[in-house]
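Student: One file is attached below, start_5.csv, containing CSV, C-alpha atoms.
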chain,number,residue,atom,x,y,z
A,1,MET,CA,41.8,-6.5,124.5
A,2,LEU,CA,42.5,-8.7,121.5
A,3,PRO,CA,46.1,-8.7,120.4
A,4,ASP,CA,46.8,-6.2,117.6
A,5,GLU,CA,47.7,-8.8,115.0
A,6,LEU,CA,44.3,-10.5,115.6
A,7,THR,CA,42.4,-7.3,115.4
A,8,ARG,CA,44.1,-6.4,112.1
A,9,LEU,CA,43.4,-9.9,110.6
A,10,ILE,CA,39.8,-9.7,111.6
A,11,ALA,CA,39.6,-6.2,109.9
A,12,GLU,CA,41.1,-7.7,106.7
A,13,PHE,CA,38.6,-10.6,106.6
A,14,ARG,CA,35.8,-8.0,107.1
A,15,LYS,CA,36.8,-6.5,103.7
A,16,LEU,CA,35.6,-9.7,101.9
A,17,PRO,CA,32.1,-9.5,100.6
A,18,SER,CA,29.3,-9.8,103.2
A,19,VAL,CA,31.7,-10.8,106.0
A,20,GLY,CA,30.6,-9.3,109.3
A,21,LEU,CA,32.5,-9.1,112.6
A,22,LYS,CA,31.4,-12.5,113.8
A,23,ASN,CA,32.5,-14.5,110.7
A,24,ALA,CA,35.7,-12.5,110.3
A,25,THR,CA,36.5,-13.4,113.9
A,26,ARG,CA,35.8,-17.1,113.2
A,27,TYR,CA,38.0,-17.0,110.1
A,28,ALA,CA,40.8,-15.3,112.0
A,29,TYR,CA,40.7,-17.9,114.7
A,30,ALA,CA,40.6,-20.7,112.1
A,31,VAL,CA,43.7,-19.3,110.4
A,32,ILE,CA,45.6,-19.1,113.7
A,33,ASP,CA,44.5,-22.7,114.5
A,34,MET,CA,45.9,-24.0,111.2
A,35,ASP,CA,49.0,-26.1,111.4
A,36,ASP,CA,52.0,-24.8,109.4
A,37,ALA,CA,51.3,-26.9,106.3
A,38,GLU,CA,47.7,-25.9,106.2
A,39,PHE,CA,48.7,-22.2,106.5
A,40,GLU,CA,51.4,-22.5,103.9
A,41,SER,CA,48.9,-24.0,101.5
A,42,PHE,CA,46.3,-21.3,102.2
A,43,VAL,CA,48.8,-18.4,101.6
A,44,THR,CA,50.3,-20.1,98.5
A,45,ALA,CA,46.8,-20.5,97.0
A,46,LEU,CA,46.2,-16.8,97.6
A,47,THR,CA,49.5,-15.6,96.1
A,48,ASP,CA,49.4,-18.0,93.2
A,49,ALA,CA,45.8,-16.9,92.3
A,50,LYS,CA,46.7,-13.3,92.7
A,51,ALA,CA,49.9,-13.7,90.6
A,52,HIS,CA,48.5,-15.8,87.7
A,53,ILE,CA,44.8,-15.0,87.4
A,54,ARG,CA,44.0,-12.1,85.0
A,55,PHE,CA,41.3,-11.3,82.5
A,56,CYS,CA,41.1,-13.0,79.1
A,57,LYS,CA,42.0,-10.5,76.5
A,58,GLN,CA,39.0,-11.5,74.4
A,59,CYS,CA,36.0,-12.4,76.7
A,60,GLY,CA,37.1,-10.7,79.9
A,61,ASP,CA,36.6,-13.7,82.1
A,62,TYR,CA,39.2,-14.8,84.6
A,63,THR,CA,41.9,-17.0,83.2
A,64,ASP,CA,45.5,-18.0,83.8
A,65,GLN,CA,46.3,-17.6,80.1
A,66,GLU,CA,46.4,-14.8,77.6
A,67,ILE,CA,43.3,-16.1,75.8
A,68,CYS,CA,41.1,-18.4,77.9
A,69,PRO,CA,40.4,-22.0,76.7
A,70,ARG,CA,36.7,-21.3,76.2
A,71,CYS,CA,37.5,-18.5,73.7
A,72,GLN,CA,39.6,-21.0,71.7
A,73,THR,CA,37.1,-23.8,71.5
A,74,ALA,CA,33.6,-22.6,71.9
A,75,ASP,CA,31.1,-22.2,69.0
A,76,PRO,CA,32.1,-18.8,67.6
A,77,SER,CA,28.8,-17.9,66.0
A,78,THR,CA,27.2,-16.9,69.3
A,79,ILE,CA,28.3,-14.5,72.0
A,80,CYS,CA,26.5,-14.3,75.3
A,81,VAL,CA,27.1,-10.8,76.9
A,82,VAL,CA,27.2,-10.8,80.7
A,83,LYS,CA,28.0,-8.2,83.4
A,84,GLU,CA,30.4,-10.1,85.6
A,85,PRO,CA,32.5,-13.3,85.3
A,86,ARG,CA,30.3,-15.0,88.0
A,87,ASP,CA,27.4,-14.8,85.6
A,88,ILE,CA,29.3,-17.1,83.3
A,89,THR,CA,29.7,-19.6,86.1
A,90,ALA,CA,25.9,-19.6,86.6
A,91,ILE,CA,25.2,-20.1,82.8
A,92,GLU,CA,27.8,-22.7,82.4
A,93,LYS,CA,26.1,-24.7,85.2
A,94,THR,CA,23.1,-25.2,83.0
A,95,GLY,CA,25.2,-27.0,80.5
A,96,CYS,CA,23.0,-25.9,77.6
A,97,TYR,CA,25.1,-23.1,76.1
A,98,GLN,CA,28.1,-23.9,73.9
A,99,GLY,CA,29.0,-20.4,72.5
A,100,LEU,CA,31.4,-17.6,73.4
A,101,TYR,CA,30.9,-15.2,76.3
A,102,HIS,CA,31.7,-11.5,76.6
A,103,VAL,CA,32.1,-9.9,80.0
A,104,LEU,CA,31.3,-6.2,80.1
A,105,HIS,CA,32.6,-5.7,83.6
A,106,GLY,CA,29.7,-3.4,84.4
A,107,THR,CA,26.6,-1.9,82.8
A,108,LEU,CA,25.8,1.6,81.7
A,109,ASP,CA,24.8,3.9,84.6
A,110,PHE,CA,24.7,7.5,83.6
A,111,GLN,CA,23.9,8.6,87.2
A,112,LYS,CA,27.2,7.1,88.3
A,113,GLY,CA,29.0,8.4,85.2
A,114,ILE,CA,29.5,4.9,83.7
A,115,GLY,CA,29.3,5.5,80.0
A,116,ALA,CA,29.9,3.1,77.1
A,117,ASP,CA,33.7,3.8,77.2
A,118,ARG,CA,33.9,2.5,80.8
A,119,ILE,CA,32.6,-1.0,80.0
A,120,ARG,CA,33.9,-3.5,77.5
A,121,ILE,CA,31.7,-2.5,74.5
A,122,LYS,CA,34.5,-1.6,72.1
A,123,GLU,CA,36.1,-5.0,72.8
A,124,LEU,CA,32.8,-6.6,71.9
A,125,MET,CA,32.5,-4.7,68.7
A,126,ASP,CA,36.0,-5.9,67.8
A,127,ARG,CA,35.1,-9.6,67.9
A,128,LEU,CA,32.0,-9.7,65.9
A,129,GLU,CA,33.4,-11.4,62.8
A,130,GLY,CA,31.4,-14.5,62.1
A,131,VAL,CA,29.0,-13.8,65.0
A,132,LYS,CA,25.4,-14.5,64.1
A,133,GLU,CA,23.7,-13.9,67.4
A,134,VAL,CA,24.4,-11.9,70.6
A,135,ILE,CA,22.5,-13.1,73.6
A,136,VAL,CA,22.2,-10.2,76.1
A,137,ALA,CA,22.2,-11.8,79.6
A,138,LEU,CA,22.1,-8.8,81.8
A,139,ASN,CA,20.2,-8.4,85.0
A,140,PRO,CA,16.6,-7.0,84.5
A,141,ASP,CA,17.3,-3.8,86.4
A,142,MET,CA,17.4,-0.3,85.0
A,143,SER,CA,21.1,-0.3,84.2
A,144,GLY,CA,20.9,-3.7,82.6
A,145,GLU,CA,17.9,-2.9,80.5
A,146,MET,CA,19.5,0.4,79.3
A,147,THR,CA,22.7,-1.5,78.4
A,148,ALA,CA,20.7,-4.1,76.5
A,149,ALA,CA,18.9,-1.5,74.6
A,150,TYR,CA,22.2,0.3,73.7
A,151,LEU,CA,23.7,-3.0,72.5
A,152,GLY,CA,20.7,-3.8,70.5
A,153,ASN,CA,20.9,-0.4,68.7
A,154,LEU,CA,24.6,-1.0,67.9
A,155,LEU,CA,24.3,-4.6,66.8
A,156,ARG,CA,21.1,-4.9,64.8
A,157,PRO,CA,22.3,-2.6,62.0
A,158,LEU,CA,25.2,-5.0,61.5
A,159,GLY,CA,22.7,-7.8,60.7
A,160,ILE,CA,23.4,-9.6,64.0
A,161,LYS,CA,20.4,-11.2,65.8
A,162,VAL,CA,20.1,-9.7,69.4
A,163,THR,CA,18.2,-11.8,72.0
A,164,ARG,CA,17.7,-11.6,75.7
A,165,LEU,CA,17.1,-14.2,78.3
A,166,ALA,CA,13.4,-15.0,78.9
A,167,HIS,CA,11.8,-13.6,82.0
A,168,GLY,CA,8.9,-15.2,83.7
A,169,ILE,CA,7.7,-17.3,86.6
A,170,PRO,CA,10.7,-19.1,88.2
A,171,MET,CA,10.4,-22.9,88.0
A,172,GLY,CA,8.8,-24.3,91.1
A,173,CYS,CA,7.3,-21.0,92.1
A,174,GLU,CA,3.5,-20.8,92.4
A,175,ILE,CA,1.8,-18.1,90.4
A,176,GLU,CA,0.1,-16.9,93.6
A,177,TYR,CA,3.4,-15.9,95.0
A,178,ALA,CA,5.0,-14.4,91.9
A,179,ASP,CA,5.6,-10.7,92.1
A,180,GLU,CA,3.6,-8.3,89.9
A,181,LEU,CA,6.4,-7.3,87.5
A,182,THR,CA,7.4,-10.9,86.9
A,183,LEU,CA,3.8,-12.0,86.3
A,184,MET,CA,3.4,-9.1,83.9
A,185,ARG,CA,6.5,-10.2,81.9
A,186,ALA,CA,5.3,-13.8,82.0
A,187,LEU,CA,2.0,-12.8,80.5
A,188,ASN,CA,3.6,-10.6,77.8
A,189,ASP,CA,6.1,-13.3,76.9
A,190,ARG,CA,3.5,-16.1,76.9
A,191,LYS,CA,4.2,-19.0,74.6
A,192,GLU,CA,1.9,-21.2,72.6
A,193,TYR,CA,1.8,-24.9,73.6
B,1,MET,CA,36.4,-24.6,83.4
B,2,LEU,CA,37.8,-22.2,86.1
B,3,PRO,CA,41.5,-21.7,86.0
B,4,ASP,CA,43.4,-24.1,88.4
B,5,GLU,CA,44.7,-21.3,90.7
B,6,LEU,CA,41.1,-20.1,91.2
B,7,THR,CA,39.8,-23.5,91.9
B,8,ARG,CA,42.5,-24.1,94.5
B,9,LEU,CA,41.9,-20.7,96.2
B,10,ILE,CA,38.2,-21.5,96.4
B,11,ALA,CA,39.1,-24.9,97.9
B,12,GLU,CA,41.2,-23.1,100.5
B,13,PHE,CA,38.5,-20.7,101.5
B,14,ARG,CA,36.1,-23.6,101.9
B,15,LYS,CA,38.3,-24.9,104.7
B,16,LEU,CA,37.3,-21.8,106.8
B,17,PRO,CA,34.4,-22.5,109.2
B,18,SER,CA,30.9,-22.6,107.6
B,19,VAL,CA,32.2,-21.4,104.2
B,20,GLY,CA,30.4,-23.1,101.4
B,21,LEU,CA,31.1,-23.1,97.7
B,22,LYS,CA,29.2,-19.9,97.0
B,23,ASN,CA,30.9,-17.8,99.6
B,24,ALA,CA,34.3,-19.3,98.9
B,25,THR,CA,33.9,-18.3,95.3
B,26,ARG,CA,32.9,-14.8,96.2
B,27,TYR,CA,35.9,-14.5,98.5
B,28,ALA,CA,38.3,-15.8,95.8
B,29,TYR,CA,37.0,-13.3,93.3
B,30,ALA,CA,37.3,-10.5,95.9
B,31,VAL,CA,40.9,-11.4,96.5
B,32,ILE,CA,41.7,-11.4,92.8
B,33,ASP,CA,39.9,-8.0,92.4
B,34,MET,CA,42.0,-6.4,95.2
B,35,ASP,CA,44.6,-3.9,94.1
B,36,ASP,CA,48.2,-4.7,95.0
B,37,ALA,CA,48.2,-2.6,98.2
B,38,GLU,CA,45.0,-4.2,99.5
B,39,PHE,CA,46.3,-7.7,98.7
B,40,GLU,CA,49.7,-6.9,100.4
B,41,SER,CA,47.8,-5.7,103.5
B,42,PHE,CA,45.6,-8.9,103.5
B,43,VAL,CA,48.6,-11.3,103.2
B,44,THR,CA,50.7,-9.3,105.7
B,45,ALA,CA,47.8,-9.5,108.3
B,46,LEU,CA,47.6,-13.2,107.8
B,47,THR,CA,51.3,-13.9,108.2
B,48,ASP,CA,51.8,-11.5,111.0
B,49,ALA,CA,48.9,-13.0,113.0
B,50,LYS,CA,50.1,-16.5,112.3
B,51,ALA,CA,53.7,-15.6,113.3
B,52,HIS,CA,52.9,-13.7,116.5
B,53,ILE,CA,49.7,-15.0,118.0
B,54,ARG,CA,50.1,-17.8,120.4
B,55,PHE,CA,48.5,-19.0,123.6
B,56,CYS,CA,49.1,-17.2,126.9
B,57,LYS,CA,51.1,-19.5,129.1
B,58,GLN,CA,48.7,-18.8,132.0
B,59,CYS,CA,45.2,-18.4,130.8
B,60,GLY,CA,45.4,-20.1,127.4
B,61,ASP,CA,43.8,-17.2,125.5
B,62,TYR,CA,45.3,-15.9,122.3
B,63,THR,CA,48.0,-13.3,122.8
B,64,ASP,CA,51.1,-11.8,121.2
B,65,GLN,CA,53.0,-12.0,124.5
B,66,GLU,CA,54.3,-14.7,126.8
B,67,ILE,CA,51.7,-13.8,129.4
B,68,CYS,CA,48.7,-11.8,128.1
B,69,PRO,CA,48.0,-8.3,129.5
B,70,ARG,CA,44.8,-9.5,131.2
B,71,CYS,CA,46.6,-12.1,133.3
B,72,GLN,CA,48.9,-9.3,134.5
B,73,THR,CA,46.2,-6.8,135.5
B,74,ALA,CA,42.9,-8.6,136.2
B,75,ASP,CA,41.5,-9.2,139.7
B,76,PRO,CA,43.4,-12.3,140.7
B,77,SER,CA,40.8,-13.6,143.3
B,78,THR,CA,38.4,-15.0,140.6
B,79,ILE,CA,39.0,-17.2,137.6
B,80,CYS,CA,36.4,-17.8,135.0
B,81,VAL,CA,36.8,-21.2,133.3
B,82,VAL,CA,35.8,-21.3,129.6
B,83,LYS,CA,36.1,-23.9,126.8
B,84,GLU,CA,37.4,-21.7,124.0
B,85,PRO,CA,39.0,-18.2,123.6
B,86,ARG,CA,35.9,-17.0,121.8
B,87,ASP,CA,33.9,-17.5,125.0
B,88,ILE,CA,36.2,-14.9,126.6
B,89,THR,CA,35.3,-12.4,123.9
B,90,ALA,CA,31.6,-12.9,124.6
B,91,ILE,CA,32.0,-12.5,128.4
B,92,GLU,CA,34.3,-9.4,128.0
B,93,LYS,CA,31.5,-7.7,125.9
B,94,THR,CA,29.3,-7.6,129.0
B,95,GLY,CA,31.8,-5.4,130.7
B,96,CYS,CA,30.8,-6.8,134.1
B,97,TYR,CA,33.6,-9.2,134.9
B,98,GLN,CA,37.0,-8.0,136.0
B,99,GLY,CA,38.7,-11.3,137.0
B,100,LEU,CA,41.0,-13.8,135.3
B,101,TYR,CA,40.1,-16.3,132.7
B,102,HIS,CA,41.2,-19.9,132.1
B,103,VAL,CA,40.7,-21.6,128.8
B,104,LEU,CA,40.4,-25.4,128.9
B,105,HIS,CA,40.7,-25.7,125.1
B,106,GLY,CA,38.0,-28.4,125.3
B,107,THR,CA,35.8,-30.2,127.7
B,108,LEU,CA,35.8,-33.8,129.0
B,109,ASP,CA,34.4,-36.2,126.5
B,110,PHE,CA,35.0,-39.9,127.4
B,111,GLN,CA,33.3,-41.2,124.3
B,112,LYS,CA,35.9,-39.2,122.2
B,113,GLY,CA,38.7,-40.2,124.6
B,114,ILE,CA,39.1,-36.6,125.9
B,115,GLY,CA,40.2,-37.1,129.5
B,116,ALA,CA,41.4,-34.6,132.1
B,117,ASP,CA,44.9,-34.8,130.8
B,118,ARG,CA,43.8,-33.6,127.3
B,119,ILE,CA,42.4,-30.3,128.5
B,120,ARG,CA,44.1,-27.6,130.6
B,121,ILE,CA,43.0,-28.8,134.0
B,122,LYS,CA,46.5,-29.2,135.4
B,123,GLU,CA,47.4,-25.7,134.3
B,124,LEU,CA,44.3,-24.4,136.2
B,125,MET,CA,45.3,-26.3,139.4
B,126,ASP,CA,48.8,-24.6,139.1
B,127,ARG,CA,47.4,-21.1,139.3
B,128,LEU,CA,45.0,-21.3,142.3
B,129,GLU,CA,47.0,-19.3,144.8
B,130,GLY,CA,44.9,-16.5,146.1
B,131,VAL,CA,41.9,-17.6,144.1
B,132,LYS,CA,38.7,-17.4,146.1
B,133,GLU,CA,36.1,-18.3,143.4
B,134,VAL,CA,36.1,-20.2,140.2
B,135,ILE,CA,33.2,-19.5,137.8
B,136,VAL,CA,32.6,-22.4,135.5
B,137,ALA,CA,31.3,-20.9,132.3
B,138,LEU,CA,30.9,-24.0,130.1
B,139,ASN,CA,28.1,-24.8,127.7
B,140,PRO,CA,25.2,-26.6,129.2
B,141,ASP,CA,25.7,-29.7,127.2
B,142,MET,CA,26.6,-33.2,128.5
B,143,SER,CA,30.4,-32.6,128.0
B,144,GLY,CA,30.3,-29.2,129.7
B,145,GLU,CA,28.2,-30.4,132.6
B,146,MET,CA,30.5,-33.3,133.2
B,147,THR,CA,33.6,-31.1,133.1
B,148,ALA,CA,31.9,-28.6,135.5
B,149,ALA,CA,31.1,-31.5,138.0
B,150,TYR,CA,34.7,-32.7,137.7
B,151,LEU,CA,36.1,-29.3,138.4
B,152,GLY,CA,33.7,-28.8,141.3
B,153,ASN,CA,35.0,-32.0,142.9
B,154,LEU,CA,38.6,-30.9,142.5
B,155,LEU,CA,38.2,-27.4,143.7
B,156,ARG,CA,35.7,-27.5,146.5
B,157,PRO,CA,38.0,-29.5,148.8
B,158,LEU,CA,40.6,-26.7,148.4
B,159,GLY,CA,38.1,-24.3,150.0
B,160,ILE,CA,37.4,-22.5,146.7
B,161,LYS,CA,33.9,-21.4,145.9
B,162,VAL,CA,32.8,-22.9,142.6
B,163,THR,CA,29.9,-21.3,140.7
B,164,ARG,CA,28.3,-21.6,137.4
B,165,LEU,CA,26.5,-19.1,135.1
B,166,ALA,CA,22.7,-18.9,135.7
B,167,HIS,CA,20.5,-20.6,133.2
B,168,GLY,CA,17.0,-19.3,132.5
B,169,ILE,CA,14.7,-17.5,130.1
B,170,PRO,CA,16.8,-15.3,127.7
B,171,MET,CA,16.2,-11.6,128.1
B,172,GLY,CA,13.5,-10.4,125.6
B,173,CYS,CA,12.2,-14.0,125.1
B,174,GLU,CA,8.6,-14.6,125.9
B,175,ILE,CA,7.9,-17.5,128.3
B,176,GLU,CA,5.5,-18.9,125.8
B,177,TYR,CA,8.4,-19.6,123.4
B,178,ALA,CA,11.0,-20.8,125.9
B,179,ASP,CA,11.9,-24.4,125.5
B,180,GLU,CA,11.0,-26.9,128.1
B,181,LEU,CA,14.4,-27.5,129.5
B,182,THR,CA,15.2,-23.8,129.8
B,183,LEU,CA,11.8,-23.2,131.5
B,184,MET,CA,12.5,-26.1,133.9
B,185,ARG,CA,15.9,-24.6,134.8
B,186,ALA,CA,14.4,-21.1,135.2
B,187,LEU,CA,11.8,-22.5,137.6
B,188,ASN,CA,14.4,-24.4,139.6
B,189,ASP,CA,16.7,-21.4,139.8
B,190,ARG,CA,13.9,-18.9,140.6
B,191,LYS,CA,14.9,-15.9,142.7
B,192,GLU,CA,13.1,-14.0,145.3
B,193,TYR,CA,12.1,-10.4,144.4
Give the structure from this file in structure tokens form.
Tutor:
Amino acid sequence: MLPDELTRLIAEFRKLPSVGLKNATRYAYAVIDMDDAEFESFVTALTDAKAHIRFCKQCGDYTDQEICPRCQTADPSTICVVKEPRDITAIEKTGCYQGLYHVLHGTLDFQKGIGADRIRIKELMDRLEGVKEVIVALNPDMSGEMTAAYLGNLLRPLGIKVTRLAHGIPMGCEIEYADELTLMRALNDRKEY
Amino acid sequence: MLPDELTRLIAEFRKLPSVGLKNATRYAYAVIDMDDAEFESFVTALTDAKAHIRFCKQCGDYTDQEICPRCQTADPSTICVVKEPRDITAIEKTGCYQGLYHVLHGTLDFQKGIGADRIRIKELMDRLEGVKEVIVALNPDMSGEMTAAYLGNLLRPLGIKVTRLAHGIPMGCEIEYADELTLMRALNDRKEY
């Protein structure tokens, strides 16, 4: 018995990632309870972002410019390859990487028909001038590993160092509780004191 | 280093109830990733709901009409008094109540300066013709209990039966795990087989 407009708004909120009926309903009520200025500001932010945010032609991250500021100022000798723009946000938070990024917008997945032409591999190959190292920061799942191997085979012959993020026991996690695969990796990748 | 428009959109999403930085960021990315038709549909749903949804003049629930359909068709001999429109949704889901509702849009709270004139008590008193029972369905907190007592004192002298929802052990909950207060209520309100 909810009014149609409310039902439709709830349905729209449910399309956002991991939003169920309960949260969608709360969001819809919150929007209706906004005063006019708050609502105006919400809708303006939506339309502004939608109108001005696009992908950087070089790295593929979100930007409001043709080429994002990071591509113009970062250390050009290293490129860190990631799957999604949100991976950049995570790595940037560490504050310990100063180089370029390259977003593939996906990883190889032959079962789903995602070949090398469907992700931004050609774009990566086009920006290798002066690059000494490519850090492959893809998730350690099958699709990520396959993509990493594929990139390694492409890049090593060009004399570029290809590295991957270290795997191992997460900081603060007790060895007792680490899963088998992680522990195996941590053993294989063990480092001398 | 996120573009301004993205930062602002994330800030707007954070104003929705219980949305933290992480979810707000996911929602913002999801909006930017929408195609034009999806985005159009999202923004239209927002503006339509905002433009057409208001409070029913009688019960105070959200509606797109002057008087909501429920007020026009429900059994007029019973009014269920609730704090918020979302309480109606919860009760309607049970499917076992056919009467009218009345949303107070708050409960008495003298510490916060919310007196009887700040919630929809006068509007309730104006629609009591033919009403035989008022079910007070307010939360069992101090403010709710105070409001229930206040309403009882107003309504009983008019010959109207005033009832409250039963408290007790939730269905499916083991007695062992019920909290003290609930168990006390359940004991006091015990029923004969």
Student: For chain A, report every residue with an atom at most 10 Å from chain B (counting only C-alpha atoms), formatted as a PDB file with C-alpha atoms, keeping the file's coordinate frame.
Tutor:
ATOM      1  CA  MET A   1      41.800  -6.500 124.500  1.00  0.00           C
ATOM      2  CA  LEU A   2      42.500  -8.700 121.500  1.00  0.00           C
ATOM      3  CA  PRO A   3      46.100  -8.700 120.400  1.00  0.00           C
ATOM      4  CA  ASP A   4      46.800  -6.200 117.600  1.00  0.00           C
ATOM      5  CA  GLU A   5      47.700  -8.800 115.000  1.00  0.00           C
ATOM      6  CA  LEU A   6      44.300 -10.500 115.600  1.00  0.00           C
ATOM      7  CA  THR A   7      42.400  -7.300 115.400  1.00  0.00           C
ATOM      8  CA  ARG A   8      44.100  -6.400 112.100  1.00  0.00           C
ATOM      9  CA  LEU A   9      43.400  -9.900 110.600  1.00  0.00           C
ATOM     10  CA  ILE A  10      39.800  -9.700 111.600  1.00  0.00           C
ATOM     11  CA  ALA A  11      39.600  -6.200 109.900  1.00  0.00           C
ATOM     12  CA  GLU A  12      41.100  -7.700 106.700  1.00  0.00           C
ATOM     13  CA  PHE A  13      38.600 -10.600 106.600  1.00  0.00           C
ATOM     14  CA  LYS A  15      36.800  -6.500 103.700  1.00  0.00           C
ATOM     15  CA  LEU A  16      35.600  -9.700 101.900  1.00  0.00           C
ATOM     16  CA  PRO A  17      32.100  -9.500 100.600  1.00  0.00           C
ATOM     17  CA  SER A  18      29.300  -9.800 103.200  1.00  0.00           C
ATOM     18  CA  VAL A  19      31.700 -10.800 106.000  1.00  0.00           C
ATOM     19  CA  ASN A  23      32.500 -14.500 110.700  1.00  0.00           C
ATOM     20  CA  THR A  25      36.500 -13.400 113.900  1.00  0.00           C
ATOM     21  CA  ARG A  26      35.800 -17.100 113.200  1.00  0.00           C
ATOM     22  CA  TYR A  27      38.000 -17.000 110.100  1.00  0.00           C
ATOM     23  CA  ALA A  28      40.800 -15.300 112.000  1.00  0.00           C
ATOM     24  CA  TYR A  29      40.700 -17.900 114.700  1.00  0.00           C
ATOM     25  CA  ALA A  30      40.600 -20.700 112.100  1.00  0.00           C
ATOM     26  CA  VAL A  31      43.700 -19.300 110.400  1.00  0.00           C
ATOM     27  CA  ILE A  32      45.600 -19.100 113.700  1.00  0.00           C
ATOM     28  CA  ASP A  33      44.500 -22.700 114.500  1.00  0.00           C
ATOM     29  CA  MET A  34      45.900 -24.000 111.200  1.00  0.00           C
ATOM     30  CA  ASP A  35      49.000 -26.100 111.400  1.00  0.00           C
ATOM     31  CA  ASP A  36      52.000 -24.800 109.400  1.00  0.00           C
ATOM     32  CA  GLU A  38      47.700 -25.900 106.200  1.00  0.00           C
ATOM     33  CA  PHE A  39      48.700 -22.200 106.500  1.00  0.00           C
ATOM     34  CA  GLU A  40      51.400 -22.500 103.900  1.00  0.00           C
ATOM     35  CA  SER A  41      48.900 -24.000 101.500  1.00  0.00           C
ATOM     36  CA  PHE A  42      46.300 -21.300 102.200  1.00  0.00           C
ATOM     37  CA  VAL A  43      48.800 -18.400 101.600  1.00  0.00           C
ATOM     38  CA  THR A  44      50.300 -20.100  98.500  1.00  0.00           C
ATOM     39  CA  ALA A  45      46.800 -20.500  97.000  1.00  0.00           C
ATOM     40  CA  LEU A  46      46.200 -16.800  97.600  1.00  0.00           C
ATOM     41  CA  THR A  47      49.500 -15.600  96.100  1.00  0.00           C
ATOM     42  CA  ASP A  48      49.400 -18.000  93.200  1.00  0.00           C
ATOM     43  CA  ALA A  49      45.800 -16.900  92.300  1.00  0.00           C
ATOM     44  CA  LYS A  50      46.700 -13.300  92.700  1.00  0.00           C
ATOM     45  CA  ALA A  51      49.900 -13.700  90.600  1.00  0.00           C
ATOM     46  CA  HIS A  52      48.500 -15.800  87.700  1.00  0.00           C
ATOM     47  CA  ILE A  53      44.800 -15.000  87.400  1.00  0.00           C
ATOM     48  CA  ARG A  54      44.000 -12.100  85.000  1.00  0.00           C
ATOM     49  CA  ASP A  61      36.600 -13.700  82.100  1.00  0.00           C
ATOM     50  CA  TYR A  62      39.200 -14.800  84.600  1.00  0.00           C
ATOM     51  CA  THR A  63      41.900 -17.000  83.200  1.00  0.00           C
ATOM     52  CA  ASP A  64      45.500 -18.000  83.800  1.00  0.00           C
ATOM     53  CA  GLN A  65      46.300 -17.600  80.100  1.00  0.00           C
ATOM     54  CA  CYS A  68      41.100 -18.400  77.900  1.00  0.00           C
ATOM     55  CA  PRO A  69      40.400 -22.000  76.700  1.00  0.00           C
ATOM     56  CA  ARG A  70      36.700 -21.300  76.200  1.00  0.00           C
ATOM     57  CA  PRO A  85      32.500 -13.300  85.300  1.00  0.00           C
ATOM     58  CA  ARG A  86      30.300 -15.000  88.000  1.00  0.00           C
ATOM     59  CA  THR A  89      29.700 -19.600  86.100  1.00  0.00           C
ATOM     60  CA  GLU A  92      27.800 -22.700  82.400  1.00  0.00           C
TER      61      GLU A  92
END
Student: CA of Val136 (chain B) and CA of Leu165 (chain B) are how many Å apart?
Tutor: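 Distance between the two atoms: 6.9 Å.
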Student: Give me, as a list in words, all polymer residues having an atom no more than 8 Å from Val103 (chain B), counting all atoms listed in the file and skipping those fewer than 4 positions away in the same chain.
Tutor: Cys59, Gly60, Asp61, Val81, Val82, Lys83, Glu84, Pro85 and Arg120 of chain B
Student: May I have the residues within 8 Å of Thr107 (chain B) as number ranges by chain, using all atoms listed in the file and disregarding those fewer than 6 positions away in the same chain?
Tutor: B: 83, 114, 119, 143-144, 147
Student: Calculated over all atoms listed in the file, which of the candidates B:Asp141, B:Glu176, B:Asp189, B:Asp126 has the smallest distance to Gln58 (chain B)?
Tutor: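 Using all atoms listed in the file, the shortest distance to Gln58 (chain B) belongs to B:Asp126.
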Student: Can you work out the spacing between CA of Leu183 (chain A) and CA of His167 (chain A) in Å, to one decimal?
Tutor: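 These atoms are spaced 9.2 Å apart.
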Student: Could you give me region 64-71 of chain B completed to N, CA and C atoms, formatted as a short mmCIF file (atom, residue, chain, number, x, y, z; two decimals), in the coordinates of the input?
Tutor:
data_model
loop_
_atom_site.label_atom_id
_atom_site.label_comp_id
_atom_site.auth_asym_id
_atom_site.auth_seq_id
_atom_site.Cartn_x
_atom_site.Cartn_y
_atom_site.Cartn_z
N ASP B 64 49.84 -11.94 121.92
CA ASP B 64 51.10 -11.80 121.20
C ASP B 64 52.26 -11.69 122.19
N GLN B 65 51.98 -11.99 123.46
CA GLN B 65 53.00 -12.00 124.50
C GLN B 65 53.12 -13.30 125.20
N GLU B 66 54.14 -13.47 125.98
CA GLU B 66 54.30 -14.70 126.80
C GLU B 66 53.10 -14.87 127.70
N ILE B 67 52.87 -13.82 128.50
CA ILE B 67 51.70 -13.80 129.40
C ILE B 67 50.85 -12.61 128.92
N CYS B 68 49.55 -12.85 128.73
CA CYS B 68 48.70 -11.80 128.10
C CYS B 68 48.47 -10.67 129.12
N PRO B 69 48.15 -9.47 128.62
CA PRO B 69 48.00 -8.30 129.50
C PRO B 69 46.90 -8.56 130.57
N ARG B 70 45.85 -9.30 130.21
CA ARG B 70 44.80 -9.50 131.20
C ARG B 70 45.27 -10.27 132.39
N CYS B 71 46.09 -11.28 132.16
CA CYS B 71 46.60 -12.10 133.30
C CYS B 71 47.47 -11.21 134.20
#
